[in-house]
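First comes the structure, then the notes that go with it.
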Amino acid sequence: MKLRLSDTLKRQKVDFVPKNPQRVTMYVCGPTVYNYAHIGNARPVVVFDVLFRLLRHLYGEEAVIYARNITDVDDKINQKAMAEGVDIDVITSKFADIYTADMRALNALEPTIQPRVTQNMNAIVAQIAALIRNGHAYEAEGHVLFDVESYKAYGALSNRSLDDMIAGARVEVAPYKKSPQDFVLWKPSKPGEPKWPSPWGEGRPGWHIECSAMIEANLGLPIDIHGGGHDLIFPHHENEIAQGVCAQHGHSHQEESYARYWMHNGFLTMDAEKMSKSLGNVLLVHDLIKEFPGEVIRLALLSAHYRAPLDWNNDLLVQTRKRLDGLYEALRKAADVPVVETAVPEAVIEALCDDLSTPRVLAELSALASALEKASEADKPLAKSQLLVAGALVGILQQEAESWFKGGADDDLSAKVEALLEARKTARAEKNWAEADRIRNELTALNVEVMDGPAGATWKLKA
Ligand code: AMP
Ligand code: ZN
């Protein structure tokens, strides 16, 4: 099956051909760890997790190397550390751990590697030195700047000309810059800020060079896929290309010598407004996972095509929970049906290979669930197994159906409900209808819905 992806640089859907199918590389810009991730930040995590799973499926688990960095050097981290009177690593390790746990709750696999800026300073300094050596960067007043005029293809990713950029610029104009568009590769730290040694004095790197240097050092150039949210196209990824291409010895100014495919997810909005800290409309993943199962949040994030905007609201979560209830209901009815070895259904692979069409995958999953419900006894094992392997490829449906419906109930509550159901069974056997009704009311008060079936009563927490 041919994988086709929308490439931001080529501005079209293209066939994906890895440089080396035995070593497929992907890099996605990760979090700056100084506070909690909001649900918009989780969109690239979940989208590229689906791509990671698909690539592993197509090329083999061992063949795919997925790197997502942790930005642990940044002005906002410095500000927070200073405000709290602690070292930056107190802040960064706390929020990196929270991030890992929150993303795990959304069933996102851990990337193969998670490079940190603090552990890649030598690589960063080496890439800046190469840029100076190759005539693409210059030192001025303790800063090192990238000389944008020296790279003719600058603007290719974001489709802007240098003149447009200068005209519409909101960039910092500094007396030591040759051109206002030149951006910082290295800068001196202010007193009290963390600093690292370099040939240009003690200081710290700019944001863009962190990613391009970590990519070169940890994955090697060129990588196959570079991803992130579409707000990163300019300036972050534009600057990454300039650095990554120009740092290479004897480079040919070919953008593909840095990353062969560029992918960007659309924005998550709330009431049609971009979710962002400055607008004050953020929903934290950390809070949401206390209210909804991670699987509901994950599937809600996959309900729209990754390049389209996604409006986040309560209705989306309620509908997604219903959808998952339906899929798990089919599995619950087939709880005793054995699982057999089977391939992921073609239609699911086809949908994913068509630029990760997750809305189509959702439709296929519903079709597989109803096929399971309608299947003859003889066909049920295959139908159940197909639903399960298809779910696994997008990171859902991997828990026992029974525990899905009890999701959110802690052990104490489960034990209490089981005891009440036993007591109700006894009351019914003794034809003590008043007692049976009383117990049912008690269950209702616990927000438990009881479903009586031929094999006895089952229960779930009401949505
Ligand atoms: P940041 O911490 O702002 O650098 O963002 C981390 C990642 O989340 C980047 O890939 C951003 O593009 C992405 N991102 C931030 N806000 C949103 C949003 N509202 N919707 C989708 N992606 C977002
Ligand atoms: Zn980056």
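Numbering starts fresh at 1 for the residues of each chain in the structure tokens, the chains themselves are lettered A, B, ... in the order given, and ligands are numbered from 1 as they appear.
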All residues 9 Å or closer to Val296 of chain A, only C-alpha atoms, same chain fewer than 3 positions away omitted, as a PyMOL selection string | chain A and resi 106+292-293+299-301+317-318+320-321+323-324
Neighbours of Leu327 of chain A within 8 Å (only C-alpha atoms; same-chain residues fewer than 3 positions away dropped), as a list in words?
-> Arg323, Leu324, Ala330, Leu331, Leu365, Ser366, Ala369 and Leu397 of chain A
Give as a PyMOL selection string the residues surrounding ligand 1 up to a distance of 10 Å, considering only C-alpha atoms and all ligand atoms.
-> chain A and resi 28-45+71+227-233+236+264-270+273-277+281-282+301+306-307+309-312
Would you please extract all alpha helix (DSSP H) residues from segment 10-198 of chain A, as assigned by DSSP on the backbone, and give them as a ChimeraX atom specification?
-> /A:39-59,75-84,88-105,121-133,162-167
May I have all residues of segment 120-259 of chain A that DSSP, computed from the backbone, assigns to strand (DSSP E or B), given as number ranges by chain?
-> A: 137-140, 143-146, 183-188, 196, 203-205, 223-229, 259
Export of the given selection (C-alpha atoms) as a short mmCIF file (atom, residue, chain, number, x, y, z; two decimals), in the first residue's frame:
```cif
data_model
loop_
_atom_site.label_atom_id
_atom_site.label_comp_id
_atom_site.auth_asym_id
_atom_site.auth_seq_id
_atom_site.Cartn_x
_atom_site.Cartn_y
_atom_site.Cartn_z
CA ALA A 137 26.22 33.19 10.24
CA TYR A 138 28.13 36.00 11.90
CA GLU A 139 29.08 37.07 15.38
CA ALA A 140 28.07 40.49 16.70
CA HIS A 143 25.42 37.18 19.67
CA VAL A 144 25.61 34.87 16.71
CA LEU A 145 23.05 35.53 13.98
CA PHE A 146 21.96 33.63 10.92
CA PHE A 183 17.67 35.51 13.69
CA VAL A 184 19.57 34.54 16.80
CA LEU A 185 21.59 31.34 17.01
CA TRP A 186 23.39 32.17 20.24
CA LYS A 187 22.95 34.97 22.75
CA PRO A 188 24.51 36.05 26.01
CA TRP A 196 26.71 27.41 28.78
CA GLY A 203 25.25 32.19 26.88
CA ARG A 204 22.46 30.09 25.47
CA PRO A 205 21.12 28.99 22.09
CA ILE A 223 15.36 12.96 8.11
CA ASP A 224 12.28 11.60 6.40
CA ILE A 225 9.42 13.43 8.14
CA HIS A 226 9.38 16.64 10.14
CA GLY A 227 6.14 17.57 11.88
CA GLY A 228 4.44 20.01 14.21
CA GLY A 229 1.48 22.37 14.47
CA ALA A 259 13.88 16.99 5.89
#
```
Neighbour list for Tyr261 of chain A as an mmCIF file with N, CA, C and O atoms, in the first residue's frame, cut-off 12 Å, only C-alpha atoms, skip fewer than 5 positions in-chain:
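Dumped to around15.cif:
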```cif
data_model
loop_
_atom_site.group_PDB
_atom_site.id
_atom_site.type_symbol
_atom_site.label_atom_id
_atom_site.label_comp_id
_atom_site.auth_asym_id
_atom_site.auth_seq_id
_atom_site.Cartn_x
_atom_site.Cartn_y
_atom_site.Cartn_z
ATOM 1 N N ARG A 4 0.477 8.117 1.145
ATOM 2 C CA ARG A 4 0.523 9.459 0.557
ATOM 3 C C ARG A 4 0.315 10.495 1.662
ATOM 4 O O ARG A 4 -0.544 10.344 2.516
ATOM 5 N N LEU A 5 1.144 11.521 1.638
ATOM 6 C CA LEU A 5 1.100 12.542 2.696
ATOM 7 C C LEU A 5 1.064 13.929 2.077
ATOM 8 O O LEU A 5 1.662 14.164 1.026
ATOM 9 N N SER A 6 0.375 14.849 2.751
ATOM 10 C CA SER A 6 0.386 16.248 2.299
ATOM 11 C C SER A 6 1.675 16.887 2.771
ATOM 12 O O SER A 6 1.916 16.960 3.971
ATOM 13 N N ASP A 7 2.467 17.329 1.829
ATOM 14 C CA ASP A 7 3.757 17.911 2.173
ATOM 15 C C ASP A 7 3.644 19.439 2.112
ATOM 16 O O ASP A 7 3.341 20.000 1.061
ATOM 17 N N THR A 8 3.889 20.082 3.232
ATOM 18 C CA THR A 8 3.755 21.542 3.294
ATOM 19 C C THR A 8 4.717 22.235 2.328
ATOM 20 O O THR A 8 4.353 23.234 1.700
ATOM 21 N N LEU A 9 5.916 21.711 2.172
ATOM 22 C CA LEU A 9 6.906 22.351 1.304
ATOM 23 C C LEU A 9 6.540 22.184 -0.177
ATOM 24 O O LEU A 9 6.612 23.133 -0.951
ATOM 25 N N LYS A 10 6.121 20.994 -0.548
ATOM 26 C CA LYS A 10 5.771 20.762 -1.962
ATOM 27 C C LYS A 10 4.349 21.215 -2.269
ATOM 28 O O LYS A 10 3.927 21.234 -3.416
ATOM 29 N N ARG A 11 3.594 21.540 -1.225
ATOM 30 C CA ARG A 11 2.219 22.044 -1.351
ATOM 31 C C ARG A 11 1.307 21.087 -2.098
ATOM 32 O O ARG A 11 0.430 21.473 -2.845
ATOM 33 N N GLN A 12 1.536 19.806 -1.920
ATOM 34 C CA GLN A 12 0.637 18.816 -2.512
ATOM 35 C C GLN A 12 0.778 17.477 -1.803
ATOM 36 O O GLN A 12 1.708 17.288 -1.014
ATOM 37 N N LYS A 13 -0.173 16.613 -2.118
ATOM 38 C CA LYS A 13 -0.111 15.262 -1.581
ATOM 39 C C LYS A 13 0.882 14.486 -2.423
ATOM 40 O O LYS A 13 0.783 14.486 -3.657
ATOM 41 N N VAL A 14 1.830 13.849 -1.772
ATOM 42 C CA VAL A 14 2.878 13.139 -2.528
ATOM 43 C C VAL A 14 3.035 11.717 -1.983
ATOM 44 O O VAL A 14 2.637 11.429 -0.856
ATOM 45 N N ASP A 15 3.645 10.862 -2.800
ATOM 46 C CA ASP A 15 3.966 9.513 -2.311
ATOM 47 C C ASP A 15 5.088 9.623 -1.294
ATOM 48 O O ASP A 15 6.067 10.351 -1.528
ATOM 49 N N PHE A 16 4.950 8.897 -0.206
ATOM 50 C CA PHE A 16 6.022 8.887 0.778
ATOM 51 C C PHE A 16 6.996 7.768 0.442
ATOM 52 O O PHE A 16 6.630 6.595 0.372
ATOM 53 N N VAL A 17 8.254 8.154 0.206
ATOM 54 C CA VAL A 17 9.298 7.171 -0.055
ATOM 55 C C VAL A 17 10.444 7.464 0.917
ATOM 56 O O VAL A 17 11.121 8.482 0.784
ATOM 57 N N PRO A 18 10.640 6.628 1.922
ATOM 58 C CA PRO A 18 11.717 6.920 2.872
ATOM 59 C C PRO A 18 13.083 6.769 2.212
ATOM 60 O O PRO A 18 13.223 6.014 1.248
ATOM 61 N N LYS A 19 14.046 7.502 2.733
ATOM 62 C CA LYS A 19 15.397 7.419 2.171
ATOM 63 C C LYS A 19 15.914 5.995 2.322
ATOM 64 O O LYS A 19 16.503 5.433 1.417
ATOM 65 N N VAL A 24 13.526 4.483 9.025
ATOM 66 C CA VAL A 24 12.623 5.594 8.703
ATOM 67 C C VAL A 24 12.653 6.567 9.882
ATOM 68 O O VAL A 24 12.445 6.158 11.029
ATOM 69 N N THR A 25 12.934 7.844 9.591
ATOM 70 C CA THR A 25 13.107 8.785 10.708
ATOM 71 C C THR A 25 12.039 9.879 10.698
ATOM 72 O O THR A 25 11.650 10.390 9.647
ATOM 73 N N MET A 26 11.577 10.227 11.895
ATOM 74 C CA MET A 26 10.557 11.277 12.034
ATOM 75 C C MET A 26 10.892 12.117 13.267
ATOM 76 O O MET A 26 11.277 11.580 14.300
ATOM 77 N N TYR A 27 10.721 13.429 13.117
ATOM 78 C CA TYR A 27 10.959 14.349 14.240
ATOM 79 C C TYR A 27 9.759 15.274 14.360
ATOM 80 O O TYR A 27 9.283 15.826 13.368
ATOM 81 N N VAL A 28 9.281 15.432 15.590
ATOM 82 C CA VAL A 28 8.167 16.351 15.850
ATOM 83 C C VAL A 28 8.590 17.281 16.982
ATOM 84 O O VAL A 28 9.142 16.822 17.989
ATOM 85 N N LEU A 157 9.356 27.330 2.523
ATOM 86 C CA LEU A 157 8.362 26.528 3.248
ATOM 87 C C LEU A 157 7.092 27.335 3.501
ATOM 88 O O LEU A 157 5.983 26.867 3.277
ATOM 89 N N PRO A 222 19.526 13.586 5.714
ATOM 90 C CA PRO A 222 18.238 14.212 5.998
ATOM 91 C C PRO A 222 17.337 13.257 6.776
ATOM 92 O O PRO A 222 17.482 12.040 6.667
ATOM 93 N N ILE A 223 16.373 13.832 7.505
ATOM 94 C CA ILE A 223 15.361 12.961 8.113
ATOM 95 C C ILE A 223 14.237 12.786 7.088
ATOM 96 O O ILE A 223 14.140 13.539 6.118
ATOM 97 N N ASP A 224 13.380 11.808 7.332
ATOM 98 C CA ASP A 224 12.279 11.599 6.398
ATOM 99 C C ASP A 224 11.140 12.586 6.647
ATOM 100 O O ASP A 224 10.727 13.296 5.737
ATOM 101 N N ILE A 225 10.611 12.603 7.874
ATOM 102 C CA ILE A 225 9.420 13.431 8.140
ATOM 103 C C ILE A 225 9.693 14.394 9.279
ATOM 104 O O ILE A 225 10.241 14.007 10.317
ATOM 105 N N HIS A 226 9.321 15.650 9.056
ATOM 106 C CA HIS A 226 9.378 16.637 10.137
ATOM 107 C C HIS A 226 7.961 17.157 10.351
ATOM 108 O O HIS A 226 7.288 17.533 9.406
ATOM 109 N N GLY A 227 7.519 17.161 11.621
ATOM 110 C CA GLY A 227 6.140 17.572 11.876
ATOM 111 C C GLY A 227 6.003 18.555 13.022
ATOM 112 O O GLY A 227 6.944 18.821 13.779
ATOM 113 N N GLY A 228 4.777 19.083 13.121
ATOM 114 C CA GLY A 228 4.436 20.015 14.206
ATOM 115 C C GLY A 228 3.126 20.716 13.858
ATOM 116 O O GLY A 228 2.537 20.458 12.807
ATOM 117 N N ILE A 241 15.063 24.855 8.457
ATOM 118 C CA ILE A 241 15.547 24.425 7.130
ATOM 119 C C ILE A 241 16.812 25.195 6.783
ATOM 120 O O ILE A 241 17.821 24.616 6.361
ATOM 121 N N GLU A 255 16.538 22.019 -0.192
ATOM 122 C CA GLU A 255 15.805 21.941 1.080
ATOM 123 C C GLU A 255 15.638 20.491 1.540
ATOM 124 O O GLU A 255 15.613 20.216 2.729
ATOM 125 N N GLU A 256 15.519 19.565 0.579
ATOM 126 C CA GLU A 256 15.298 18.162 0.959
ATOM 127 C C GLU A 256 16.506 17.546 1.649
ATOM 128 O O GLU A 256 16.424 16.429 2.148
#
```
All residues 10 Å or closer to Gly456 of chain A, only C-alpha atoms, same chain fewer than 5 positions away omitted, as a list in words |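 Within the cut-off, the hits are Leu421, Lys425 and Met451 of chain A.
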Export, as an mmCIF file, in the first residue's frame, the selected residues with all heavy atoms.
```cif
data_model
loop_
_atom_site.group_PDB
_atom_site.id
_atom_site.type_symbol
_atom_site.label_atom_id
_atom_site.label_comp_id
_atom_site.auth_asym_id
_atom_site.auth_seq_id
_atom_site.Cartn_x
_atom_site.Cartn_y
_atom_site.Cartn_z
ATOM 1 N N LEU A 421 -25.353 -6.087 43.447
ATOM 2 C CA LEU A 421 -25.946 -6.934 42.396
ATOM 3 C C LEU A 421 -26.200 -8.341 42.928
ATOM 4 O O LEU A 421 -27.217 -8.967 42.605
ATOM 5 C CB LEU A 421 -25.043 -6.976 41.161
ATOM 6 C CG LEU A 421 -25.041 -5.712 40.297
ATOM 7 C CD1 LEU A 421 -24.043 -5.851 39.150
ATOM 8 C CD2 LEU A 421 -26.443 -5.425 39.729
ATOM 9 N N LYS A 425 -29.791 -10.152 43.254
ATOM 10 C CA LYS A 425 -30.063 -11.474 42.691
ATOM 11 C C LYS A 425 -30.778 -12.345 43.733
ATOM 12 O O LYS A 425 -31.775 -13.011 43.431
ATOM 13 C CB LYS A 425 -28.724 -12.117 42.287
ATOM 14 C CG LYS A 425 -28.830 -13.192 41.248
ATOM 15 C CD LYS A 425 -27.439 -13.487 40.685
ATOM 16 C CE LYS A 425 -27.216 -14.979 40.606
ATOM 17 N NZ LYS A 425 -25.805 -15.299 40.399
ATOM 18 N N MET A 451 -27.721 -3.475 33.362
ATOM 19 C CA MET A 451 -28.314 -4.056 32.159
ATOM 20 C C MET A 451 -28.535 -5.563 32.430
ATOM 21 O O MET A 451 -27.552 -6.290 32.650
ATOM 22 C CB MET A 451 -27.368 -3.899 30.949
ATOM 23 C CG MET A 451 -27.324 -2.503 30.358
ATOM 24 S SD MET A 451 -26.086 -1.424 31.095
ATOM 25 C CE MET A 451 -24.591 -2.295 30.875
#
```
Name the closest residue to ligand 2 among the candidates A:Tyr328, A:Phe52, A:Trp404, A:Trp207; distances are taken between atoms, counting only C-alpha atoms and all ligand atoms.
->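 Counting only C-alpha atoms and all ligand atoms, the residue closest to ligand 2 is A:Trp207.
Atom to atom, atom CA of Ser212 of chain A and atom CA of Val285 of chain A stand 28.1 Å apart.
Excluding Thr444 of chain A and any residue on its chain fewer than 3 positions from it, the residues at most 12 Å away by only C-alpha atoms are Val417, Leu420, Leu421, Asp437, Arg438, Ile439, Arg440, Asn441, Asn447, Val448, Glu449, Val450, Met451, Trp459, Lys460, Leu461 and Lys462 of chain A.
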Residues within 7 Å of Ile396 of chain A, only C-alpha atoms, excluding chain neighbours under 3 positions, as a list in words = Glu295, Gly391 and Ala392 of chain A
Can I get the selection written as a CSV table (one decimal), in the first residue's frame, with N, CA, C and O atoms?
```
chain,number,residue,atom,x,y,z
A,295,GLU,N,-9.1,7.7,26.3
A,295,GLU,CA,-9.5,7.2,25.0
A,295,GLU,C,-10.5,8.1,24.3
A,295,GLU,O,-10.5,8.2,23.0
A,391,GLY,N,-8.5,-1.2,15.7
A,391,GLY,CA,-8.5,-0.3,16.9
A,391,GLY,C,-7.0,-0.1,17.3
A,391,GLY,O,-6.6,1.1,17.6
A,392,ALA,N,-6.3,-1.1,17.4
A,392,ALA,CA,-4.9,-1.0,17.9
A,392,ALA,C,-4.0,-0.1,17.0
A,392,ALA,O,-3.2,0.6,17.5
```
Would you mind listing what lies within 6 Å of Ala67 of chain A as a compact mmCIF listing (two decimals) with N, CA and C atoms, in the first residue's frame, with only C-alpha atoms counted and same-chain residues fewer than 6 positions away left out?
```txt
# COMPACT_ATOMS: atom_id res chain seq x y z
N TYR A 27 10.72 13.43 13.12
CA TYR A 27 10.96 14.35 14.24
C TYR A 27 9.76 15.27 14.36
N PRO A 111 7.92 8.25 22.18
CA PRO A 111 8.78 8.28 21.00
C PRO A 111 10.05 7.45 21.26
N THR A 112 10.73 7.06 20.19
CA THR A 112 11.94 6.25 20.35
C THR A 112 12.99 7.02 21.16
N ILE A 113 13.15 8.30 20.84
CA ILE A 113 14.08 9.12 21.62
C ILE A 113 13.46 10.49 21.92
N GLN A 114 13.85 11.04 23.07
CA GLN A 114 13.34 12.36 23.46
C GLN A 114 14.53 13.24 23.85
```
With only C-alpha atoms and all ligand atoms as the atoms that count, which of A:Ala436, A:Met214, A:Ala427, A:Leu58 lies nearest to ligand 2?
-> A:Met214
Shortest contact to ligand 2, candidates A:Leu3, A:Ile124, A:Ala401, A:Ile215, atoms counted only C-alpha atoms and all ligand atoms, goes to A:Ile215
Point-to-point distance in Å for atom CA of Leu356 of chain A and atom CA of Leu54 of chain A |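 Straight-line distance from atom CA of Leu54 of chain A to atom CA of Leu356 of chain A works out to 8.9 Å.
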